[in-house]
file final.cif (mmCIF, C-alpha atoms and all ligand atoms)
data_target
loop_
_atom_site.group_PDB
_atom_site.id
_atom_site.type_symbol
_atom_site.label_atom_id
_atom_site.label_comp_id
_atom_site.auth_asym_id
_atom_site.auth_seq_id
_atom_site.Cartn_x
_atom_site.Cartn_y
_atom_site.Cartn_z
ATOM 1 C CA GLN A 1 -9.991 19.144 -1.409
ATOM 2 C CA GLU A 2 -6.593 20.708 -1.616
ATOM 3 C CA ASN A 3 -4.060 20.554 -4.421
ATOM 4 C CA LEU A 4 -0.507 19.859 -3.354
ATOM 5 C CA ASP A 5 2.266 19.666 -5.944
ATOM 6 C CA ARG A 6 2.445 16.367 -7.771
ATOM 7 C CA PRO A 7 5.650 14.312 -7.871
ATOM 8 C CA SER A 8 7.816 14.665 -10.971
ATOM 9 C CA GLU A 9 7.494 10.927 -11.526
ATOM 10 C CA THR A 10 5.056 8.237 -10.353
ATOM 11 C CA ARG A 11 6.077 6.904 -6.934
ATOM 12 C CA VAL A 12 5.449 3.194 -6.522
ATOM 13 C CA PHE A 13 4.995 2.092 -2.904
ATOM 14 C CA VAL A 14 5.084 -1.528 -1.813
ATOM 15 C CA VAL A 15 3.090 -1.910 1.392
ATOM 16 C CA ALA A 16 4.532 -5.003 3.004
ATOM 17 C CA ASN A 17 5.080 -6.759 6.308
ATOM 18 C CA GLN A 18 4.837 -10.531 6.480
ATOM 19 C CA LYS A 19 3.031 -10.186 9.771
ATOM 20 C CA GLY A 20 -0.745 -10.149 9.345
ATOM 21 C CA GLY A 21 -3.046 -7.636 10.982
ATOM 22 C CA VAL A 22 -0.524 -4.806 11.327
ATOM 23 C CA GLY A 23 -2.449 -2.318 9.183
ATOM 24 C CA LYS A 24 -1.116 -2.878 5.657
ATOM 25 C CA THR A 25 -4.505 -2.807 3.988
ATOM 26 C CA THR A 26 -5.940 -0.123 6.249
ATOM 27 C CA SER A 27 -2.950 2.113 5.581
ATOM 28 C CA THR A 28 -3.019 1.405 1.844
ATOM 29 C CA VAL A 29 -6.655 2.354 1.319
ATOM 30 C CA ASN A 30 -6.705 5.332 3.661
ATOM 31 C CA LEU A 31 -3.407 6.818 2.484
ATOM 32 C CA ALA A 32 -4.581 6.351 -1.097
ATOM 33 C CA ALA A 33 -7.889 8.116 -0.391
ATOM 34 C CA ALA A 34 -6.125 10.825 1.626
ATOM 35 C CA LEU A 35 -3.728 11.486 -1.256
ATOM 36 C CA THR A 36 -6.637 12.029 -3.639
ATOM 37 C CA GLN A 37 -7.946 14.663 -1.201
ATOM 38 C CA LEU A 38 -4.570 16.361 -1.642
ATOM 39 C CA GLY A 39 -4.994 16.498 -5.424
ATOM 40 C CA GLN A 40 -3.005 13.371 -6.253
ATOM 41 C CA ARG A 41 -4.003 10.598 -8.657
ATOM 42 C CA VAL A 42 -3.578 7.148 -7.162
ATOM 43 C CA LEU A 43 -3.664 3.531 -8.300
ATOM 44 C CA VAL A 44 -4.089 0.769 -5.718
ATOM 45 C CA ILE A 45 -3.067 -2.740 -6.736
ATOM 46 C CA ASP A 46 -4.542 -5.422 -4.478
ATOM 47 C CA LEU A 47 -2.058 -8.267 -4.277
ATOM 48 C CA ASP A 48 -3.674 -10.142 -1.387
ATOM 49 C CA PRO A 49 -5.984 -13.044 -2.331
ATOM 50 C CA GLN A 50 -8.192 -11.999 0.600
ATOM 51 C CA GLY A 51 -9.104 -8.875 -1.404
ATOM 52 C CA ASN A 52 -9.503 -6.708 1.693
ATOM 53 C CA ALA A 53 -8.318 -3.551 -0.073
ATOM 54 C CA SER A 54 -10.836 -4.204 -2.849
ATOM 55 C CA THR A 55 -13.608 -4.612 -0.267
ATOM 56 C CA ALA A 56 -12.620 -1.477 1.627
ATOM 57 C CA LEU A 57 -12.589 0.548 -1.592
ATOM 58 C CA ASN A 58 -15.955 -0.864 -2.684
ATOM 59 C CA ILE A 59 -14.554 -2.518 -5.802
ATOM 60 C CA GLU A 60 -16.174 -5.569 -7.374
ATOM 61 C CA HIS A 61 -13.988 -8.614 -6.722
ATOM 62 C CA ARG A 62 -16.177 -11.679 -6.998
ATOM 63 C CA GLN A 63 -14.415 -14.708 -8.447
ATOM 64 C CA GLY A 64 -14.207 -14.177 -12.204
ATOM 65 C CA THR A 65 -13.768 -10.399 -12.009
ATOM 66 C CA PRO A 66 -10.677 -9.432 -14.034
ATOM 67 C CA SER A 67 -8.069 -8.891 -11.345
ATOM 68 C CA THR A 68 -4.429 -9.164 -10.331
ATOM 69 C CA TYR A 69 -4.671 -12.895 -11.031
ATOM 70 C CA GLU A 70 -5.221 -12.179 -14.752
ATOM 71 C CA LEU A 71 -2.447 -9.596 -14.573
ATOM 72 C CA LEU A 72 0.146 -11.991 -13.159
ATOM 73 C CA VAL A 73 -0.881 -15.288 -14.721
ATOM 74 C CA ASP A 74 -2.406 -14.288 -18.080
ATOM 75 C CA GLY A 75 -0.440 -11.075 -18.635
ATOM 76 C CA LEU A 76 -3.492 -8.796 -18.989
ATOM 77 C CA SER A 77 -2.626 -5.105 -18.893
ATOM 78 C CA LEU A 78 -3.102 -2.856 -15.876
ATOM 79 C CA VAL A 79 -5.051 -0.366 -17.981
ATOM 80 C CA ASP A 80 -7.712 -2.969 -18.716
ATOM 81 C CA LEU A 81 -7.968 -4.126 -15.108
ATOM 82 C CA ALA A 82 -8.191 -0.892 -13.123
ATOM 83 C CA GLN A 83 -11.637 0.149 -11.881
ATOM 84 C CA PRO A 84 -12.515 3.653 -10.625
ATOM 85 C CA CYS A 85 -13.218 3.812 -6.896
ATOM 86 C CA PRO A 86 -16.735 5.139 -6.231
ATOM 87 C CA ASP A 87 -15.531 6.582 -2.926
ATOM 88 C CA ALA A 88 -12.829 8.929 -4.228
ATOM 89 C CA ALA A 89 -12.257 10.762 -7.509
ATOM 90 C CA GLY A 90 -8.784 10.130 -8.908
ATOM 91 C CA LEU A 91 -8.484 6.729 -7.230
ATOM 92 C CA TRP A 92 -8.320 3.559 -9.305
ATOM 93 C CA VAL A 93 -8.085 -0.008 -8.112
ATOM 94 C CA VAL A 94 -6.970 -3.313 -9.568
ATOM 95 C CA PRO A 95 -8.888 -5.801 -7.416
ATOM 96 C CA ALA A 96 -7.824 -9.188 -6.127
ATOM 97 C CA THR A 97 -10.078 -12.233 -6.210
ATOM 98 C CA ILE A 98 -9.661 -15.538 -4.444
ATOM 99 C CA ASP A 99 -8.161 -16.878 -7.713
ATOM 100 C CA LEU A 100 -4.951 -15.134 -6.691
ATOM 101 C CA ALA A 101 -4.472 -17.765 -3.978
ATOM 102 C CA GLY A 102 -3.444 -20.213 -6.709
ATOM 103 C CA ALA A 103 -1.191 -17.812 -8.582
ATOM 104 C CA GLU A 104 1.996 -18.551 -6.652
ATOM 105 C CA ILE A 105 1.827 -22.191 -7.689
ATOM 106 C CA GLU A 106 0.661 -21.506 -11.240
ATOM 107 C CA LEU A 107 3.533 -19.091 -11.798
ATOM 108 C CA VAL A 108 6.222 -21.592 -10.808
ATOM 109 C CA SER A 109 6.776 -22.699 -14.398
ATOM 110 C CA VAL A 110 6.546 -19.187 -15.872
ATOM 111 C CA VAL A 111 9.745 -17.494 -17.078
ATOM 112 C CA ALA A 112 10.726 -14.379 -15.060
ATOM 113 C CA ARG A 113 7.822 -15.067 -12.734
ATOM 114 C CA GLU A 114 9.017 -12.479 -10.214
ATOM 115 C CA GLN A 115 8.982 -9.732 -12.895
ATOM 116 C CA ARG A 116 5.310 -9.962 -13.918
ATOM 117 C CA LEU A 117 4.052 -6.980 -11.930
ATOM 118 C CA LYS A 118 7.046 -4.840 -12.867
ATOM 119 C CA LYS A 119 6.418 -5.526 -16.555
ATOM 120 C CA ALA A 120 2.785 -4.478 -16.180
ATOM 121 C CA ILE A 121 3.663 -1.290 -14.317
ATOM 122 C CA ASP A 122 6.418 -0.365 -16.772
ATOM 123 C CA ALA A 123 3.990 -0.834 -19.670
ATOM 124 C CA HIS A 124 1.293 1.449 -18.224
ATOM 125 C CA PRO A 125 1.146 4.654 -20.314
ATOM 126 C CA ARG A 126 -0.009 6.734 -17.312
ATOM 127 C CA ILE A 127 2.791 5.642 -14.997
ATOM 128 C CA GLY A 128 6.126 7.415 -15.351
ATOM 129 C CA SER A 129 7.488 10.937 -15.554
ATOM 130 C CA ALA A 130 5.334 14.025 -15.927
ATOM 131 C CA ALA A 131 6.655 14.505 -19.452
ATOM 132 C CA ASP A 132 6.028 10.929 -20.623
ATOM 133 C CA ALA A 133 2.863 10.021 -18.769
ATOM 134 C CA GLY A 134 0.946 13.287 -19.174
ATOM 135 C CA GLU A 135 -1.463 15.276 -17.021
ATOM 136 C CA ASP A 136 -3.706 12.363 -16.105
ATOM 137 C CA ARG A 137 -0.773 10.238 -14.976
ATOM 138 C CA PHE A 138 -0.825 8.401 -11.677
ATOM 139 C CA ASP A 139 1.199 10.167 -9.012
ATOM 140 C CA TYR A 140 1.194 7.233 -6.614
ATOM 141 C CA VAL A 141 0.835 3.494 -6.925
ATOM 142 C CA PHE A 142 0.269 1.435 -3.770
ATOM 143 C CA VAL A 143 0.668 -2.325 -3.853
ATOM 144 C CA ASP A 144 -1.082 -3.995 -0.912
ATOM 145 C CA CYS A 145 0.802 -7.228 -0.185
ATOM 146 C CA PRO A 146 -0.372 -10.434 1.509
ATOM 147 C CA PRO A 147 1.058 -11.368 4.927
ATOM 148 C CA SER A 148 3.868 -13.546 3.582
ATOM 149 C CA LEU A 149 7.156 -13.219 1.739
ATOM 150 C CA GLY A 150 6.196 -15.442 -1.186
ATOM 151 C CA LEU A 151 6.095 -14.835 -4.917
ATOM 152 C CA LEU A 152 3.292 -12.255 -4.713
ATOM 153 C CA THR A 153 5.198 -10.002 -2.323
ATOM 154 C CA LEU A 154 8.368 -10.658 -4.324
ATOM 155 C CA ASN A 155 6.623 -9.359 -7.456
ATOM 156 C CA ALA A 156 5.780 -6.179 -5.562
ATOM 157 C CA LEU A 157 9.318 -5.736 -4.221
ATOM 158 C CA VAL A 158 10.714 -6.095 -7.740
ATOM 159 C CA ALA A 159 8.186 -3.602 -9.137
ATOM 160 C CA GLY A 160 8.399 -0.773 -6.615
ATOM 161 C CA ALA A 161 11.111 1.642 -5.555
ATOM 162 C CA GLU A 162 9.718 2.608 -2.172
ATOM 163 C CA MET A 163 8.694 0.253 0.537
ATOM 164 C CA LEU A 164 6.169 1.294 3.161
ATOM 165 C CA ILE A 165 6.180 -0.862 6.277
ATOM 166 C CA PRO A 166 3.282 -0.517 8.707
ATOM 167 C CA ILE A 167 4.320 -1.430 12.228
ATOM 168 C CA GLN A 168 1.748 -2.034 14.907
ATOM 169 C CA ALA A 169 2.785 -0.336 18.138
ATOM 170 C CA GLU A 170 2.638 -3.427 20.363
ATOM 171 C CA TYR A 171 4.940 -5.756 22.222
ATOM 172 C CA TYR A 172 6.075 -8.010 19.377
ATOM 173 C CA ALA A 173 6.303 -5.152 16.861
ATOM 174 C CA LEU A 174 9.938 -5.620 15.916
ATOM 175 C CA GLU A 175 9.859 -9.405 15.783
ATOM 176 C CA GLY A 176 10.077 -10.573 12.198
ATOM 177 C CA LEU A 177 11.337 -7.235 10.912
ATOM 178 C CA GLY A 178 14.841 -8.678 10.591
ATOM 179 C CA GLN A 179 13.582 -11.285 8.158
ATOM 180 C CA LEU A 180 11.676 -8.626 6.213
ATOM 181 C CA LEU A 181 14.743 -6.382 5.949
ATOM 182 C CA ALA A 182 16.932 -9.337 4.936
ATOM 183 C CA THR A 183 14.467 -10.028 2.122
ATOM 184 C CA VAL A 184 14.673 -6.385 1.052
ATOM 185 C CA ASP A 185 18.487 -6.635 0.992
ATOM 186 C CA MET A 186 18.303 -9.786 -1.093
ATOM 187 C CA VAL A 187 15.912 -8.171 -3.578
ATOM 188 C CA ARG A 188 18.058 -5.040 -3.772
ATOM 189 C CA ALA A 189 21.199 -7.087 -4.425
ATOM 190 C CA HIS A 190 19.763 -9.365 -7.101
ATOM 191 C CA LEU A 191 16.516 -8.061 -8.541
ATOM 192 C CA ASN A 192 15.804 -4.380 -7.875
ATOM 193 C CA PRO A 193 18.696 -2.092 -6.906
ATOM 194 C CA GLU A 194 16.286 0.868 -6.567
ATOM 195 C CA LEU A 195 14.317 -0.629 -3.696
ATOM 196 C CA ALA A 196 14.500 1.300 -0.418
ATOM 197 C CA VAL A 197 12.512 1.305 2.791
ATOM 198 C CA SER A 198 11.357 4.907 2.466
ATOM 199 C CA THR A 199 8.458 4.984 4.892
ATOM 200 C CA ILE A 200 7.476 3.384 8.159
ATOM 201 C CA VAL A 201 4.097 4.123 9.669
ATOM 202 C CA LEU A 202 3.147 3.294 13.237
ATOM 203 C CA THR A 203 -0.392 1.943 13.341
ATOM 204 C CA MET A 204 -3.007 1.284 16.011
ATOM 205 C CA TYR A 205 -1.094 3.572 18.290
ATOM 206 C CA ASP A 206 -2.552 3.987 21.754
ATOM 207 C CA ALA A 207 -1.021 7.121 23.237
ATOM 208 C CA ARG A 208 -2.296 6.240 26.708
ATOM 209 C CA THR A 209 -0.117 3.189 27.126
ATOM 210 C CA ARG A 210 3.521 3.308 28.073
ATOM 211 C CA LEU A 211 4.077 0.182 25.994
ATOM 212 C CA ALA A 212 3.054 1.892 22.744
ATOM 213 C CA ALA A 213 5.252 4.898 23.500
ATOM 214 C CA GLY A 214 8.175 2.580 24.204
ATOM 215 C CA VAL A 215 7.703 0.653 20.973
ATOM 216 C CA ALA A 216 7.391 3.901 19.010
ATOM 217 C CA GLN A 217 10.616 5.177 20.538
ATOM 218 C CA GLU A 218 12.414 1.937 19.714
ATOM 219 C CA VAL A 219 11.193 2.040 16.097
ATOM 220 C CA ARG A 220 12.256 5.686 15.755
ATOM 221 C CA GLU A 221 15.700 4.947 17.211
ATOM 222 C CA HIS A 222 16.156 2.112 14.782
ATOM 223 C CA PHE A 223 14.771 3.722 11.614
ATOM 224 C CA GLY A 224 15.106 7.479 12.208
ATOM 225 C CA ASP A 225 13.669 9.729 9.508
ATOM 226 C CA GLN A 226 12.023 6.856 7.673
ATOM 227 C CA VAL A 227 9.349 6.781 10.385
ATOM 228 C CA LEU A 228 6.484 9.182 9.722
ATOM 229 C CA LYS A 229 6.029 11.719 12.528
ATOM 230 C CA THR A 230 2.312 11.004 12.432
ATOM 231 C CA ALA A 231 1.328 7.778 14.178
ATOM 232 C CA ILE A 232 -2.106 6.381 13.333
ATOM 233 C CA PRO A 233 -4.211 6.063 16.494
ATOM 234 C CA ARG A 234 -6.273 3.007 17.276
ATOM 235 C CA SER A 235 -9.826 4.057 16.499
ATOM 236 C CA VAL A 236 -13.032 2.118 16.066
ATOM 237 C CA ARG A 237 -14.044 4.445 13.197
ATOM 238 C CA VAL A 238 -11.051 3.188 11.208
ATOM 239 C CA SER A 239 -11.986 -0.440 11.731
ATOM 240 C CA GLU A 240 -15.699 -0.058 10.965
ATOM 241 C CA ALA A 241 -15.328 2.008 7.755
ATOM 242 C CA PRO A 242 -14.688 -1.042 5.477
ATOM 243 C CA SER A 243 -18.009 -2.634 6.440
ATOM 244 C CA TYR A 244 -19.667 0.403 4.841
ATOM 245 C CA GLY A 245 -17.523 0.070 1.706
ATOM 246 C CA GLN A 246 -15.824 3.320 2.606
ATOM 247 C CA THR A 247 -12.457 4.543 3.741
ATOM 248 C CA VAL A 248 -12.391 6.413 7.028
ATOM 249 C CA MET A 249 -11.567 9.490 4.927
ATOM 250 C CA THR A 250 -15.187 9.673 3.767
ATOM 251 C CA TYR A 251 -16.849 7.593 6.479
ATOM 252 C CA ASP A 252 -15.806 10.003 9.226
ATOM 253 C CA PRO A 253 -13.514 12.730 7.833
ATOM 254 C CA GLY A 254 -13.194 14.587 11.125
ATOM 255 C CA SER A 255 -12.216 11.526 13.173
ATOM 256 C CA PRO A 256 -8.700 11.204 14.597
ATOM 257 C CA GLY A 257 -7.973 8.264 12.285
ATOM 258 C CA ALA A 258 -8.913 10.221 9.155
ATOM 259 C CA LEU A 259 -7.012 13.320 10.242
ATOM 260 C CA SER A 260 -3.939 11.203 10.991
ATOM 261 C CA TYR A 261 -4.002 9.491 7.619
ATOM 262 C CA LEU A 262 -4.362 12.908 5.955
ATOM 263 C CA GLU A 263 -1.378 14.204 7.901
ATOM 264 C CA ALA A 264 0.629 11.070 7.068
ATOM 265 C CA ALA A 265 -0.247 11.569 3.387
ATOM 266 C CA ARG A 266 1.070 15.144 3.595
ATOM 267 C CA GLU A 267 4.342 13.809 4.992
ATOM 268 C CA ILE A 268 4.587 11.339 2.129
ATOM 269 C CA VAL A 269 4.008 14.100 -0.436
ATOM 270 C CA ALA A 270 6.595 16.329 1.248
ATOM 271 C CA GLY A 271 9.141 13.493 1.261
ATOM 272 C CA GLY A 272 9.254 13.132 -2.530
ATOM 273 C CA ARG A 273 10.720 15.180 -5.351
ATOM 274 C CA LEU A 274 7.942 17.415 -6.623
ATOM 275 C CA SER A 275 7.446 18.769 -10.105
HETATM 276 P P1 LIG B 1 -3.090 -6.247 7.391
HETATM 277 O O1 LIG B 1 -3.495 -5.775 6.038
HETATM 278 O O2 LIG B 1 -1.671 -5.909 7.736
HETATM 279 O O3 LIG B 1 -3.383 -7.689 7.617
HETATM 280 P P2 LIG B 1 -5.347 -4.669 8.306
HETATM 281 O O4 LIG B 1 -5.132 -3.340 7.705
HETATM 282 O O5 LIG B 1 -6.329 -5.577 7.643
HETATM 283 O O6 LIG B 1 -3.954 -5.421 8.476
HETATM 284 O O7 LIG B 1 -5.740 -4.440 9.828
HETATM 285 C C1 LIG B 1 -5.973 -5.539 10.705
HETATM 286 C C2 LIG B 1 -7.191 -5.240 11.573
HETATM 287 O O8 LIG B 1 -6.923 -4.115 12.397
HETATM 288 C C3 LIG B 1 -8.421 -4.897 10.771
HETATM 289 O O9 LIG B 1 -9.531 -5.449 11.410
HETATM 290 C C4 LIG B 1 -8.484 -3.388 10.809
HETATM 291 O O10 LIG B 1 -9.800 -2.893 10.727
HETATM 292 C C5 LIG B 1 -7.886 -3.094 12.181
HETATM 293 N N1 LIG B 1 -7.217 -1.789 12.212
HETATM 294 C C6 LIG B 1 -6.234 -1.344 11.407
HETATM 295 N N2 LIG B 1 -5.849 -0.106 11.729
HETATM 296 C C7 LIG B 1 -6.641 0.268 12.772
HETATM 297 C C8 LIG B 1 -6.747 1.453 13.572
HETATM 298 N N3 LIG B 1 -5.957 2.522 13.352
HETATM 299 N N4 LIG B 1 -7.661 1.477 14.564
HETATM 300 C C9 LIG B 1 -8.464 0.405 14.782
HETATM 301 N N5 LIG B 1 -8.407 -0.733 14.077
HETATM 302 C C10 LIG B 1 -7.516 -0.809 13.086
HETATM 303 MG MG MG B 2 -4.192 -6.888 4.396
#

call {"tool": "encode", "arguments": {"input": "final.cif", "output": "structure tokens", "more": "lines below"}}
Ligand code: ADP
Ligand code: MG
result
Amino acid sequence: QENLDRPSETRVFVVANQKGGVGKTTSTVNLAAALTQLGQRVLVIDLDPQGNASTALNIEHRQGTPSTYELLVDGLSLVDLAQPCPDAAGLWVVPATIDLAGAEIELVSVVAREQRLKKAIDAHPRIGSAADAGEDRFDYVFVDCPPSLGLLTLNALVAGAEMLIPIQAEYYALEGLGQLLATVDMVRAHLNPELAVSTIVLTMYDARTRLAAGVAQEVREHFGDQVLKTAIPRSVRVSEAPSYGQTVMTYDPGSPGALSYLEAAREIVAGGRLS
């Protein structure tokens, strides 16, 4: 445990990529846990009906558990929905249940349906500036999005200021990114002028293959400083941690995956304005 400076204001990260299986959830839960090891307080909001982030963080999310469905559809408050993560002090989670799968349709007739998450985040007394939100404020919020660009992801893009895009270092890595970035532009123009792609993380990186190195180089040429210097290696320890209800940060803290997520978390901390 180490205590890095906390940001002067809560940083809200939207973890999105409409491609499935690129490491959104894995990066969300492990960066969140890594940040708590650096003395940061973190809230994870699971916005994927699959509830994989909830599973990985060992958070109850059986159907009927108060969750992001109640947040979006019934307007319940974030404060009432967040559960403490047993795996990491300072980490709280709003789970997702399978009920969320119906939310996109149920919200169609709701006024300002794309603003529901933003409203909830804005209303949270522990999210905001150091002065307003106090010592036990959240320093980071991570919203783990489903693999689509529907109303759930749109709610996240409206609510957050920083977007974190995990990119899997493989052949088709850049395919579909154009559509994602066009969506970001649309949201910035009409719904959330603050939104910016602040962070790109290369995942499942296999340093032994020339293909991965080539993809990494292409991503770095295209996005420059937005790409974290630390790439997350492909590691079986990372993929087996969730089946133990743990993040790799506690499951195998000395493993290359855990060390990389810790280093990536340091980069994220260093990239913000600190108090
Ligand atoms: P997404 O949320 O984008 O759909 P996940 O985070 O669920 O993607 O990852 C997809 C799969 O890849 C999961 O089975 C996960 O365990 C595995 N995975 C993710 N990152 C790594 C890694 N660094 N090394 C090995 N497996 C990984
Ligand atoms: Mg996921």

call {"tool": "resolve_selection", "arguments": {"input": "final.cif", "expression": "the PyMOL selection byres (((chain A and resi 264-269) around 6) and not hetatm)", "output": "count of residues only"}}
result
9

call {"tool": "closest_residue", "arguments": {"input": "final.cif", "among": "A:Ala131, A:Ala120, A:Leu177, A:Ala16", "to": "Gly75 in chain A", "atoms": "all atoms listed in the file"}}
result
A:Ala120

call {"tool": "resolve_selection", "arguments": {"input": "final.cif", "expression": "the PyMOL selection byres (((chain A and resi 93) around 8) and not hetatm)", "output": "PyMOL selection string"}}
result
chain A and resi 43-46+54+57+59+82-85+91-92+94-95

call {"tool": "closest_residue", "arguments": {"input": "final.cif", "among": "A:Gln50, A:Asn30, A:Thr250, A:Ser8", "to": "ligand MG 2 (chain B)", "atoms": "all atoms listed in the file"}}
result
A:Gln50

call {"tool": "closest_residue", "arguments": {"input": "final.cif", "among": "A:Cys145, A:Ala33, A:Ala123, A:Ala173", "to": "ligand MG 2 (chain B)", "atoms": "only C-alpha atoms and all ligand atoms"}}
result
A:Cys145

call {"tool": "resolve_selection", "arguments": {"input": "final.cif", "expression": "the PyMOL selection byres (((chain A and resi 13) around 10) and not hetatm)", "output": "JSON, numbers by chain"}}
result
{"A": [10, 11, 12, 14, 15, 16, 28, 44, 140, 141, 142, 143, 144, 156, 157, 159, 160, 161, 162, 163, 164, 165, 195, 196, 197, 198, 199]}

call {"tool": "residues_near_point", "arguments": {"input": "final.cif", "point": "(1.7, 3.8, -17.6)", "cutoff": "12 Å", "atoms": "only C-alpha atoms", "output": "PyMOL selection string"}}
result
chain A and resi 9-12+43+77-80+82+118-141

call {"tool": "atom_distance", "arguments": {"input": "final.cif", "atom1": "CA of Val73 in chain A", "atom2": "CA of Leu151 in chain A"}}
result
12.0 Å

call {"tool": "residues_near_ligand", "arguments": {"input": "final.cif", "ligand": "ligand MG 2 (chain B)", "cutoff": "7 Å", "atoms": "all atoms listed in the file", "output": "JSON, numbers by chain"}}
result
{"A": [20, 21, 23, 24, 25, 48, 52, 53, 144, 145, 146, 147]}

call {"tool": "closest_residue", "arguments": {"input": "final.cif", "among": "A:Gly214, A:Gly51, A:Pro86, A:Gly178", "to": "ligand LIG 1 (chain B)", "atoms": "all atoms listed in the file"}}
result
A:Gly51

call {"tool": "atom_distance", "arguments": {"input": "final.cif", "atom1": "CA of Ala216 in chain A", "atom2": "CA of Val201 in chain A"}}
result
9.9 Å

call {"tool": "atom_distance", "arguments": {"input": "final.cif", "atom1": "CA of Leu228 in chain A", "atom2": "CA of Leu4 in chain A"}}
result
18.3 Å

call {"tool": "closest_residue", "arguments": {"input": "final.cif", "among": "A:Gly102, A:Gly150, A:Pro233, A:Gly64", "to": "ligand LIG 1 (chain B)", "atoms": "all atoms listed in the file"}}
result
A:Pro233

call {"tool": "closest_residue", "arguments": {"input": "final.cif", "among": "A:Asp87, A:Glu106, A:Glu240, A:Glu2", "to": "ligand LIG 1 (chain B)", "atoms": "only C-alpha atoms and all ligand atoms"}}
result
A:Glu240

call {"tool": "residues_around", "arguments": {"input": "final.cif", "residues": "Leu100 in chain A", "least_positions_apart": "4", "cutoff": "8 Å", "atoms": "all atoms listed in the file", "output": "VMD selection string"}}
result
chain A and resid 47 to 49 68 to 69 96 104

call {"tool": "axis_aligned_box", "arguments": {"input": "final.cif", "around": "ligand LIG 1 (chain B)", "padding_each_side": "4 Å", "output": "lines of an AutoDock Vina configuration file"}}
result
center_x = -5.7
center_y = -2.6
center_z = 10.4
size_x = 16.1
size_y = 18.2
size_z = 16.7
